[in-house]
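Written below as structure tokens is the structure these notes are about.
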Amino acid sequence: MTVADLAEPFGGRRTLITGGLGFIGSNLARALVAAGADVTLVDSLVPAYGGNLHNIAGIEHQVHVNVSDVRDEHSLRHLVRDQDVIFNLAGQTSHLDSMRDPYTDLEINCRAQLSILEACRAGNPQVKIVFASTRQIYGRPVRLPVDESHPVAPVDVNGVNKTAGEWYHLLYGEVYGLRVSVLRLTNTYGPRMRVKDARQTFLGIWLKQLLTGEEIQIYGDGEQRRDFTFVDDAIAAFLLAADDEAAAGAVYNLGHPQHVSLRELAELLVELNGGGSFRTIPFPADRKAIDIGDFYADYSKLERELGWSPRVPLREGLERSLAFYRDEGEHYW
Ligand SMILES: NC(=O)c1ccc[n+]([C@@H]2O[C@H](COP(=O)([O-])OP(=O)(O)OC[C@H]3O[C@@H](n4cnc5c(N)ncnc54)[C@H](O)[C@@H]3O)[C@@H](O)[C@H]2O)c1
């Protein structure tokens, strides 16, 4: 099924997207608006994060935008009221920033998550919540591919706080009966991702470097393997999890069957761009300390239980991403 098919059941339903001006949230908003959902976006628009008003260009009059911070418990109480579904994507995404400023990461990825859940428990216990978790919580894989039963052993502050955020959701599901589902995303990419730096993923800055004629820099030997999810596939998972009662209380990995080394990824990007260059450089010490090595996920649970599978091959996803930034890069550099 296409994203449009999956969004159809949300027509006329009230949906709230935290982090809705960000990369994944704004793409999700587009799908929901097209289906006729009532869509509210809450986003703090802190410049260091992925929120960007251009992300909703063309749909700005079809969504309610609330520029506020999920750390603000008072506005949360008002925002969650009367919503049918909350897609909870607000987050501080930079691993390095979480090490430099651990308290901000704690406030957003941990404490504010508890506030969102408290607001729902008090004011809207019927709401369905889908939480954007991350493969980062597994830390350095002890086996590959990583399935949901793999030990959780995060290697950075961001991973610890995202783990807590995720577990608060599951706990509130267990104890208070909130209908909560968790998606552990791998590297997600596509139009509207932050590309001005590596805060979201290294792939973002690579796209910018390539398109602005700079050399791509790969840390280490470039042999680390990863799987990448195109944003439309990630959105499909959010929609499926939100609409399927069987997903309540469940945790799902996302992933992709193509595992590539970073060197192979850089080679493919240069080929698709019809030019460009890359080189490997030694890992900066602060990045090396929190690197997880090879990672790719086993996403068979999501496939089996909700019928999700990644539809967009890596080559096509990268082509679509390059085309987007060629046209609209000026809003993202
Ligand atoms: N993109 C990925 O590869 C990836 C991988 C794993 C997990 N995730 C998770 O998915 C979610 C969405 O990520 P994204 O890639 O779209 O990143 P993003 O930075 O584009 O989106 C996050 C949004 O949250 C907003 N935000 C941050 N703090 C906030 C606060 N206190 N109050 C309100 N809004 C706030 C930001 O302004 C931003 O718009 C995040 O929770 C992230 O941890 C993303």
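All residue names refer to the structure tokens as shown: chains lettered A, B, ... in order, residues numbered from 1 in each chain, ligands numbered from 1 in order.
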
Check your understanding: Can you tell me, as a ChimeraX atom specification, what residues are no more than 9 Å from range 117-127 of chain A when counting only C-alpha atoms, ignoring any on the same chain fewer than 2 positions away?
Key -> /A:73-74,76-86,112-115,129,168-169,172,176-180

Go ahead and dump the residues you just picked, N, CA, C and O atoms, as a compact mmCIF listing (two decimals), in the first residue's frame.
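Below is the file again-v3.txt, written as the result:
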```txt
# COMPACT_ATOMS: atom_id res chain seq x y z
N GLU A 73 4.88 22.27 30.30
CA GLU A 73 3.79 21.37 30.71
C GLU A 73 2.41 22.00 30.54
O GLU A 73 1.43 21.31 30.29
N HIS A 74 2.35 23.33 30.68
CA HIS A 74 1.04 24.00 30.60
C HIS A 74 0.48 23.93 29.18
O HIS A 74 -0.68 23.58 28.98
N LEU A 76 1.27 21.82 26.95
CA LEU A 76 1.02 20.41 26.61
C LEU A 76 -0.38 19.96 27.01
O LEU A 76 -1.07 19.29 26.25
N ARG A 77 -0.76 20.37 28.20
CA ARG A 77 -2.09 19.95 28.68
C ARG A 77 -3.18 20.39 27.72
O ARG A 77 -4.12 19.67 27.43
N HIS A 78 -3.00 21.59 27.19
CA HIS A 78 -3.97 22.13 26.23
C HIS A 78 -3.85 21.43 24.88
O HIS A 78 -4.85 21.07 24.25
N LEU A 79 -2.61 21.17 24.47
CA LEU A 79 -2.38 20.62 23.12
C LEU A 79 -2.88 19.18 22.95
O LEU A 79 -3.35 18.82 21.88
N VAL A 80 -2.74 18.37 23.98
CA VAL A 80 -3.09 16.95 23.80
C VAL A 80 -4.60 16.71 23.90
O VAL A 80 -5.10 15.68 23.45
N ARG A 81 -5.31 17.69 24.46
CA ARG A 81 -6.76 17.52 24.68
C ARG A 81 -7.48 17.31 23.34
O ARG A 81 -7.17 17.97 22.36
N ASP A 82 -8.40 16.41 23.28
CA ASP A 82 -9.26 16.17 22.11
C ASP A 82 -8.53 15.60 20.89
O ASP A 82 -9.11 15.54 19.81
N GLN A 83 -7.28 15.24 21.03
CA GLN A 83 -6.59 14.63 19.88
C GLN A 83 -6.94 13.14 19.81
O GLN A 83 -7.09 12.49 20.84
N ASP A 84 -7.06 12.62 18.59
CA ASP A 84 -7.27 11.19 18.43
C ASP A 84 -5.93 10.44 18.41
O ASP A 84 -5.83 9.32 18.91
N VAL A 85 -4.94 11.06 17.77
CA VAL A 85 -3.62 10.41 17.64
C VAL A 85 -2.52 11.44 17.90
O VAL A 85 -2.60 12.58 17.42
N ILE A 86 -1.51 11.03 18.63
CA ILE A 86 -0.31 11.86 18.79
C ILE A 86 0.87 11.12 18.18
O ILE A 86 1.17 9.99 18.58
N ALA A 112 10.56 15.78 29.21
CA ALA A 112 9.40 16.26 28.44
C ALA A 112 8.54 15.10 27.96
O ALA A 112 7.32 15.24 27.83
N GLN A 113 9.14 13.97 27.72
CA GLN A 113 8.36 12.80 27.28
C GLN A 113 7.41 12.36 28.39
O GLN A 113 6.26 12.00 28.15
N LEU A 114 7.93 12.42 29.62
CA LEU A 114 7.10 12.09 30.77
C LEU A 114 5.96 13.11 30.88
O LEU A 114 4.81 12.74 31.17
N SER A 115 6.25 14.37 30.60
CA SER A 115 5.21 15.41 30.67
C SER A 115 4.12 15.17 29.63
O SER A 115 2.94 15.36 29.90
N ILE A 129 -0.83 6.91 20.82
CA ILE A 129 0.47 7.60 20.72
C ILE A 129 1.47 6.71 19.98
O ILE A 129 1.61 5.53 20.31
N TYR A 168 9.22 5.11 29.31
CA TYR A 168 8.09 5.81 29.92
C TYR A 168 6.81 5.54 29.12
O TYR A 168 5.75 5.31 29.68
N HIS A 169 6.95 5.57 27.80
CA HIS A 169 5.76 5.30 26.97
C HIS A 169 5.22 3.90 27.25
O HIS A 169 4.02 3.71 27.45
N TYR A 172 3.58 3.66 30.69
CA TYR A 172 2.25 4.30 30.76
C TYR A 172 1.21 3.45 30.02
O TYR A 172 0.03 3.48 30.35
N TYR A 176 -1.20 2.43 32.93
CA TYR A 176 -2.39 3.30 32.83
C TYR A 176 -3.25 2.98 31.61
O TYR A 176 -4.24 3.66 31.36
N GLY A 177 -2.83 2.00 30.83
CA GLY A 177 -3.65 1.59 29.69
C GLY A 177 -3.61 2.54 28.50
O GLY A 177 -4.46 2.45 27.61
N LEU A 178 -2.65 3.48 28.47
CA LEU A 178 -2.54 4.34 27.28
C LEU A 178 -2.17 3.46 26.08
O LEU A 178 -1.39 2.51 26.21
N ARG A 179 -2.72 3.79 24.94
CA ARG A 179 -2.44 2.99 23.73
C ARG A 179 -1.19 3.55 23.06
O ARG A 179 -1.24 4.57 22.37
N VAL A 180 -0.08 2.88 23.29
CA VAL A 180 1.22 3.42 22.89
C VAL A 180 1.96 2.42 22.01
O VAL A 180 1.96 1.23 22.31
```

Expected selection as a ChimeraX atom specification for ligand 1 within 7 Å, only C-alpha atoms and all ligand atoms = /A:18-25,42-46,49-52,68-71,89-93,108,132-135,184-189,193-194,200-201

Please identify every residue of range 184-227 of chain A that has at least one atom no farther than 9 Å from an atom of range 271-276 of chain A, counting only C-alpha atoms, and for each give the shortest atom pair and the distance in Å to one decimal, arranged by chain then increasing number, as a tab-separated table.
```
residue	atom	partner	partner_atom	distance
A:Gln209	CA	A:Gly276	CA	8.8
A:Leu210	CA	A:Gly276	CA	5.9
A:Leu211	CA	A:Asn273	CA	7.9
A:Gly213	CA	A:Gly276	CA	6.6
A:Glu214	CA	A:Gly276	CA	7.6
A:Glu215	CA	A:Gly276	CA	6.8
A:Ile216	CA	A:Gly276	CA	8.1
```

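For Ile56 in chain A, the non-local neighbours within 9 Å, defined as residues at least 5 positions apart in the same chain or in other chains and counting only C-alpha atoms, are A:Leu21, A:Ser26, A:Asn27, A:Ala29, A:Arg30, A:Val63.
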
Please save C-alpha atoms of the selected residues as a compact mmCIF listing (two decimals), in the first residue's frame.
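Final output, result17.txt:
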```
# COMPACT_ATOMS: atom_id res chain seq x y z
CA LEU A 21 8.14 21.17 11.60
CA SER A 26 6.60 17.51 8.28
CA ASN A 27 6.59 14.68 5.74
CA ALA A 29 1.99 16.11 8.09
CA ARG A 30 1.87 16.26 4.29
CA VAL A 63 -2.25 22.77 9.36
```

Best match for closeness to Phe278 in chain A among A:Asp97, A:Asp244, A:Asp147, A:Glu264, counting only C-alpha atoms: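 Counting only C-alpha atoms, the residue closest to Phe278 in chain A is A:Glu264.
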
Just list the residues in range 83-149 of chain A DSSP gives alpha helix (DSSP H) on the backbone, as a VMD selection string. chain A and resid 95 to 100 102 to 105 112 to 123
